[in-house]
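data03.pdb follows (PDB, C-alpha atoms):
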```
ATOM      1  CA  MET A   7       1.263  80.308  49.315  1.00  0.00           C
ATOM      2  CA  GLU A   8      -1.348  80.476  52.052  1.00  0.00           C
ATOM      3  CA  LEU A   9      -0.214  78.998  55.406  1.00  0.00           C
ATOM      4  CA  LEU A  10      -3.159  76.602  55.689  1.00  0.00           C
ATOM      5  CA  ARG A  11      -2.507  75.265  52.187  1.00  0.00           C
ATOM      6  CA  GLN A  12       1.146  74.661  53.120  1.00  0.00           C
ATOM      7  CA  GLN A  13       0.110  72.877  56.318  1.00  0.00           C
ATOM      8  CA  LEU A  14      -2.412  70.688  54.480  1.00  0.00           C
ATOM      9  CA  ILE A  15       0.111  69.719  51.807  1.00  0.00           C
ATOM     10  CA  ALA A  16       2.718  68.863  54.460  1.00  0.00           C
ATOM     11  CA  TYR A  17       0.240  66.937  56.625  1.00  0.00           C
ATOM     12  CA  ARG A  18       0.518  63.146  56.572  1.00  0.00           C
ATOM     13  CA  PRO A  19      -2.948  61.621  57.122  1.00  0.00           C
ATOM     14  CA  TRP A  20      -3.379  58.885  59.715  1.00  0.00           C
ATOM     15  CA  ASN A  21      -5.984  57.004  57.668  1.00  0.00           C
ATOM     16  CA  GLU A  22      -8.159  57.059  54.550  1.00  0.00           C
ATOM     17  CA  GLN A  23     -10.754  59.354  56.158  1.00  0.00           C
ATOM     18  CA  GLU A  24      -8.133  62.009  56.809  1.00  0.00           C
ATOM     19  CA  GLU A  25      -6.702  61.640  53.314  1.00  0.00           C
ATOM     20  CA  ARG A  26     -10.131  62.189  51.725  1.00  0.00           C
ATOM     21  CA  ASP A  27     -10.883  65.083  54.067  1.00  0.00           C
ATOM     22  CA  ARG A  28      -7.496  66.648  53.266  1.00  0.00           C
ATOM     23  CA  GLU A  29      -8.257  66.404  49.539  1.00  0.00           C
ATOM     24  CA  GLU A  30     -11.635  68.082  50.092  1.00  0.00           C
ATOM     25  CA  LEU A  31     -10.130  70.871  52.206  1.00  0.00           C
ATOM     26  CA  LEU A  32      -7.571  71.582  49.488  1.00  0.00           C
ATOM     27  CA  ARG A  33     -10.302  71.493  46.814  1.00  0.00           C
ATOM     28  CA  ARG A  34     -12.399  73.958  48.814  1.00  0.00           C
ATOM     29  CA  LEU A  35      -9.406  76.285  49.263  1.00  0.00           C
ATOM     30  CA  ASP A  36      -8.941  76.241  45.475  1.00  0.00           C
ATOM     31  CA  SER A  37     -12.604  77.173  44.964  1.00  0.00           C
ATOM     32  CA  HIS A  38     -11.931  80.660  46.374  1.00  0.00           C
ATOM     33  CA  GLU A  39     -15.144  80.510  48.420  1.00  0.00           C
ATOM     34  CA  ASP A  40     -15.333  82.543  51.604  1.00  0.00           C
ATOM     35  CA  LEU A  41     -14.413  79.698  53.954  1.00  0.00           C
ATOM     36  CA  TYR A  42     -13.159  81.697  56.925  1.00  0.00           C
ATOM     37  CA  THR A  43     -16.476  83.229  57.999  1.00  0.00           C
ATOM     38  CA  ARG A  44     -19.913  81.948  58.881  1.00  0.00           C
ATOM     39  CA  ALA A  45     -21.270  83.990  55.954  1.00  0.00           C
ATOM     40  CA  ASN A  46     -20.680  80.758  54.049  1.00  0.00           C
ATOM     41  CA  THR A  47     -23.653  78.905  55.508  1.00  0.00           C
ATOM     42  CA  ALA A  48     -22.740  75.629  53.779  1.00  0.00           C
ATOM     43  CA  ALA A  49     -19.157  75.164  55.004  1.00  0.00           C
ATOM     44  CA  HIS A  50     -16.537  77.116  56.918  1.00  0.00           C
ATOM     45  CA  PHE A  51     -13.258  76.619  58.773  1.00  0.00           C
ATOM     46  CA  THR A  52     -13.022  75.819  62.431  1.00  0.00           C
ATOM     47  CA  ALA A  53      -9.959  75.118  64.545  1.00  0.00           C
ATOM     48  CA  SER A  54      -9.748  72.789  67.506  1.00  0.00           C
ATOM     49  CA  ALA A  55      -7.188  71.576  69.968  1.00  0.00           C
ATOM     50  CA  TRP A  56      -6.298  68.501  71.898  1.00  0.00           C
ATOM     51  CA  VAL A  57      -4.967  70.054  75.083  1.00  0.00           C
ATOM     52  CA  VAL A  58      -2.599  67.978  77.192  1.00  0.00           C
ATOM     53  CA  SER A  59      -1.045  68.625  80.565  1.00  0.00           C
ATOM     54  CA  PRO A  60       2.708  69.347  80.528  1.00  0.00           C
ATOM     55  CA  ASP A  61       3.432  65.791  81.758  1.00  0.00           C
ATOM     56  CA  ARG A  62       1.090  64.417  79.018  1.00  0.00           C
ATOM     57  CA  LYS A  63      -0.883  62.442  81.631  1.00  0.00           C
ATOM     58  CA  GLN A  64      -4.169  64.333  81.184  1.00  0.00           C
ATOM     59  CA  VAL A  65      -6.341  65.645  78.352  1.00  0.00           C
ATOM     60  CA  LEU A  66      -8.671  68.631  78.672  1.00  0.00           C
ATOM     61  CA  MET A  67     -12.274  68.155  77.583  1.00  0.00           C
ATOM     62  CA  ALA A  68     -15.403  70.308  77.671  1.00  0.00           C
ATOM     63  CA  TYR A  69     -18.995  69.108  77.946  1.00  0.00           C
ATOM     64  CA  HIS A  70     -20.419  70.663  74.797  1.00  0.00           C
ATOM     65  CA  ARG A  71     -24.019  71.857  75.118  1.00  0.00           C
ATOM     66  CA  LEU A  72     -24.880  71.539  71.412  1.00  0.00           C
ATOM     67  CA  TYR A  73     -23.638  67.952  71.078  1.00  0.00           C
ATOM     68  CA  ASP A  74     -24.516  66.901  74.648  1.00  0.00           C
ATOM     69  CA  SER A  75     -21.155  65.140  75.034  1.00  0.00           C
ATOM     70  CA  TRP A  76     -17.554  65.591  76.116  1.00  0.00           C
ATOM     71  CA  ALA A  77     -15.372  66.896  73.294  1.00  0.00           C
ATOM     72  CA  TRP A  78     -12.125  68.633  72.501  1.00  0.00           C
ATOM     73  CA  LEU A  79     -12.193  72.443  72.451  1.00  0.00           C
ATOM     74  CA  GLY A  80     -12.399  74.710  69.424  1.00  0.00           C
ATOM     75  CA  GLY A  81     -14.450  77.085  67.369  1.00  0.00           C
ATOM     76  CA  HIS A  82     -15.029  79.171  64.257  1.00  0.00           C
ATOM     77  CA  ALA A  83     -12.292  81.049  62.403  1.00  0.00           C
ATOM     78  CA  ASP A  84     -14.588  84.099  62.155  1.00  0.00           C
ATOM     79  CA  GLY A  85     -12.362  85.728  59.545  1.00  0.00           C
ATOM     80  CA  ASP A  86      -9.006  84.825  61.123  1.00  0.00           C
ATOM     81  CA  ARG A  87      -6.780  82.934  58.665  1.00  0.00           C
ATOM     82  CA  ASP A  88      -4.322  81.931  61.416  1.00  0.00           C
ATOM     83  CA  LEU A  89      -6.083  78.780  62.570  1.00  0.00           C
ATOM     84  CA  LEU A  90      -3.491  78.015  65.266  1.00  0.00           C
ATOM     85  CA  ALA A  91      -4.316  81.414  66.787  1.00  0.00           C
ATOM     86  CA  VAL A  92      -8.013  80.495  66.552  1.00  0.00           C
ATOM     87  CA  ALA A  93      -7.407  77.215  68.409  1.00  0.00           C
ATOM     88  CA  LEU A  94      -5.426  79.003  71.134  1.00  0.00           C
ATOM     89  CA  ARG A  95      -8.123  81.687  71.490  1.00  0.00           C
ATOM     90  CA  GLU A  96     -10.932  79.143  71.680  1.00  0.00           C
ATOM     91  CA  VAL A  97      -9.179  77.050  74.329  1.00  0.00           C
ATOM     92  CA  ARG A  98      -8.647  80.145  76.459  1.00  0.00           C
ATOM     93  CA  GLU A  99     -12.262  81.301  75.983  1.00  0.00           C
ATOM     94  CA  GLU A 100     -13.858  77.899  76.580  1.00  0.00           C
ATOM     95  CA  SER A 101     -11.732  76.762  79.525  1.00  0.00           C
ATOM     96  CA  GLY A 102     -10.476  79.835  81.336  1.00  0.00           C
ATOM     97  CA  LEU A 103      -6.893  78.606  80.984  1.00  0.00           C
ATOM     98  CA  THR A 104      -4.298  81.299  80.385  1.00  0.00           C
ATOM     99  CA  GLU A 105      -1.029  79.359  80.065  1.00  0.00           C
ATOM    100  CA  VAL A 106      -1.644  77.592  76.737  1.00  0.00           C
ATOM    101  CA  ARG A 107       1.035  76.950  74.109  1.00  0.00           C
ATOM    102  CA  PRO A 108       1.482  74.794  71.006  1.00  0.00           C
ATOM    103  CA  VAL A 109       3.328  71.513  71.390  1.00  0.00           C
ATOM    104  CA  SER A 110       3.869  71.925  67.642  1.00  0.00           C
ATOM    105  CA  GLU A 111       2.636  74.435  65.083  1.00  0.00           C
ATOM    106  CA  ASP A 112       1.913  71.581  62.655  1.00  0.00           C
ATOM    107  CA  LEU A 113      -1.567  70.137  62.167  1.00  0.00           C
ATOM    108  CA  TYR A 114      -2.321  67.306  64.580  1.00  0.00           C
ATOM    109  CA  SER A 115      -5.446  66.009  62.841  1.00  0.00           C
ATOM    110  CA  LEU A 116      -8.135  67.157  60.468  1.00  0.00           C
ATOM    111  CA  GLU A 117     -11.739  66.295  59.902  1.00  0.00           C
ATOM    112  CA  ILE A 118     -14.874  67.399  58.139  1.00  0.00           C
ATOM    113  CA  LEU A 119     -17.666  67.489  60.689  1.00  0.00           C
ATOM    114  CA  THR A 120     -21.376  67.726  59.989  1.00  0.00           C
ATOM    115  CA  VAL A 121     -23.429  70.091  62.129  1.00  0.00           C
ATOM    116  CA  ASP A 122     -27.174  69.571  62.344  1.00  0.00           C
ATOM    117  CA  GLY A 123     -29.483  72.550  62.162  1.00  0.00           C
ATOM    118  CA  HIS A 124     -29.982  74.169  65.562  1.00  0.00           C
ATOM    119  CA  GLU A 125     -30.981  77.361  67.294  1.00  0.00           C
ATOM    120  CA  LYS A 126     -28.283  79.652  68.714  1.00  0.00           C
ATOM    121  CA  ARG A 127     -29.003  82.904  70.511  1.00  0.00           C
ATOM    122  CA  GLY A 128     -32.567  82.878  69.221  1.00  0.00           C
ATOM    123  CA  GLN A 129     -31.568  82.366  65.566  1.00  0.00           C
ATOM    124  CA  TYR A 130     -31.877  79.195  63.503  1.00  0.00           C
ATOM    125  CA  VAL A 131     -28.565  77.941  62.093  1.00  0.00           C
ATOM    126  CA  PRO A 132     -29.033  75.551  59.139  1.00  0.00           C
ATOM    127  CA  SER A 133     -27.157  72.263  58.801  1.00  0.00           C
ATOM    128  CA  HIS A 134     -23.634  72.824  57.533  1.00  0.00           C
ATOM    129  CA  ILE A 135     -20.067  71.508  57.506  1.00  0.00           C
ATOM    130  CA  HIS A 136     -17.175  72.428  59.763  1.00  0.00           C
ATOM    131  CA  MET A 137     -13.899  72.014  57.917  1.00  0.00           C
ATOM    132  CA  ASN A 138     -11.805  71.500  61.009  1.00  0.00           C
ATOM    133  CA  VAL A 139      -8.092  71.417  61.680  1.00  0.00           C
ATOM    134  CA  THR A 140      -6.803  70.365  65.075  1.00  0.00           C
ATOM    135  CA  TYR A 141      -3.580  71.332  66.846  1.00  0.00           C
ATOM    136  CA  LEU A 142      -1.831  69.744  69.819  1.00  0.00           C
ATOM    137  CA  LEU A 143      -1.514  72.226  72.679  1.00  0.00           C
ATOM    138  CA  ALA A 144      -0.200  72.005  76.228  1.00  0.00           C
ATOM    139  CA  ALA A 145      -1.561  73.935  79.186  1.00  0.00           C
ATOM    140  CA  GLU A 146      -0.822  74.425  82.832  1.00  0.00           C
ATOM    141  CA  ASP A 147      -3.609  73.298  85.117  1.00  0.00           C
ATOM    142  CA  ASP A 148      -4.685  76.727  86.348  1.00  0.00           C
ATOM    143  CA  ALA A 149      -8.264  77.692  87.220  1.00  0.00           C
ATOM    144  CA  LEU A 150     -10.763  76.059  84.879  1.00  0.00           C
ATOM    145  CA  ARG A 151     -14.135  77.687  84.264  1.00  0.00           C
ATOM    146  CA  GLU A 152     -17.133  76.914  82.103  1.00  0.00           C
ATOM    147  CA  LYS A 153     -18.330  79.051  79.216  1.00  0.00           C
ATOM    148  CA  PRO A 154     -22.069  78.708  79.922  1.00  0.00           C
ATOM    149  CA  ASP A 155     -23.281  79.554  76.404  1.00  0.00           C
ATOM    150  CA  GLU A 156     -21.142  76.715  74.967  1.00  0.00           C
ATOM    151  CA  ASN A 157     -20.285  74.174  77.650  1.00  0.00           C
ATOM    152  CA  SER A 158     -21.502  72.993  81.023  1.00  0.00           C
ATOM    153  CA  GLY A 159     -18.238  71.576  82.253  1.00  0.00           C
ATOM    154  CA  VAL A 160     -14.482  71.608  81.658  1.00  0.00           C
ATOM    155  CA  ALA A 161     -12.242  68.927  83.155  1.00  0.00           C
ATOM    156  CA  TRP A 162      -8.969  67.045  82.850  1.00  0.00           C
ATOM    157  CA  PHE A 163      -9.155  63.320  82.082  1.00  0.00           C
ATOM    158  CA  PRO A 164      -6.574  60.560  81.842  1.00  0.00           C
ATOM    159  CA  PRO A 165      -6.273  59.611  78.131  1.00  0.00           C
ATOM    160  CA  GLU A 166      -7.666  56.125  78.730  1.00  0.00           C
ATOM    161  CA  GLU A 167     -10.982  57.657  79.842  1.00  0.00           C
TER     162      GLU A 167
END
```

As structure tokens, please, write out the structure in this file.
Amino acid sequence: MELLRQQLIAYRPWNEQEERDREELLRRLDSHEDLYTRANTAAHFTASAWVVSPDRKQVLMAYHRLYDSWAWLGGHADGDRDLLAVALREVREESGLTEVRPVSEDLYSLEILTVDGHEKRGQYVPSHIHMNVTYLLAAEDDALREKPDENSGVAWFPPEE
């Protein structure tokens, strides 16, 4: 059985939204659509991460250019079926952090996110759905850096902020 399917079945939703989203993610997996690449312009998998400091007193956020807001880090699977590896890769790419590790390999949350049509690198990207799974990662506070094509800031925040 596919790893993501196993993780989704084992996942215990926090609320009704997550339960409905979990059901939809499982239904989509059963459809045998290409969900791991952006070739599916209607819906595809993304992986994100809540990144905490080792002492759990800070959370890493990036100021996302597309959404014009602070958000957790993540990105497209782009053919990779190991979504934990995708989350780790995206955190490293978007923050500059190198010492990043899973707190757990289990899913931390899941959500279906709508993405409005937008232009990226001179090409129009139509409205679509990100079928997102999120992992809980920890990272050492080494040198942070922006990824200018995606974010305009990366910073640690106390959870209450």

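Applied to this file, the PyMOL selection byres ((chain A and resi 40) around 12) selects Arg34, Leu35, Asp36, Ser37, His38, Glu39, Leu41, Tyr42, Thr43, Arg44, Ala45, Asn46, Thr47, Ala48, Ala49, His50, Phe51, Ala83, Asp84, Gly85, Asp86 and Arg87 of chain A.
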
Close residues, stretch 93-95 of chain A itself excluded, 10 Å, all atoms listed in the file, min 2 positions apart in chain, as a VMD selection string: chain A and resid 52 to 57 79 to 83 88 to 91 97 to 100 103 to 108 139 to 143

Find, counting only C-alpha atoms, the residue in A:His134, A:Val58, A:Ile15, A:Glu30 that gets nearest to A:Pro164. A:Val58

With all atoms listed in the file as the atoms that count, which of A:Arg28, A:Glu8, A:Glu96, A:Ser158 lies nearest to A:Tyr73? A:Ser158

The PyMOL selection byres ((chain A and resi 64) around 7) applied to the shown file, residues as a VMD selection string: chain A and resid 58 to 59 62 to 63 65 to 66 162 to 165

Hey, which of A:Leu72, A:Ala149, A:Leu10, A:Leu32 ends up closest to A:Gly102? Count only C-alpha atoms. A:Ala149

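Atom CA of A:Ala161 to atom CA of A:Val109 spans 19.7 Å [interatomic distance, one decimal].
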
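Put simply, atom CA of A:Val160 is 6.2 Å away from atom CA of A:Ser101.
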
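Counting only C-alpha atoms, the residue from A:Glu156, A:Glu24, A:Glu125, A:Asp112 that sits nearest to A:Asp74 is A:Glu156.
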
Quick one: pull the distance between atom CA of A:Val131 and atom CA of A:Ser115, Å, one decimal. 26.0 Å

Of the candidates A:Glu152, A:Ala77, A:His70, A:Ile135, which shows the shortest atom-to-atom distance to A:Glu117, using only C-alpha atoms? A:Ile135

Apply the PyMOL selection byres ((chain A and resi 18) around 12) to the structure shown and report the selected residues as a ChimeraX atom specification. /A:13-17,19-29,112-116

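Distance check against A:Trp78 using all atoms listed in the file: of A:Ser133, A:Asn138, A:Arg151, A:Ser110, the minimum falls on A:Asn138.
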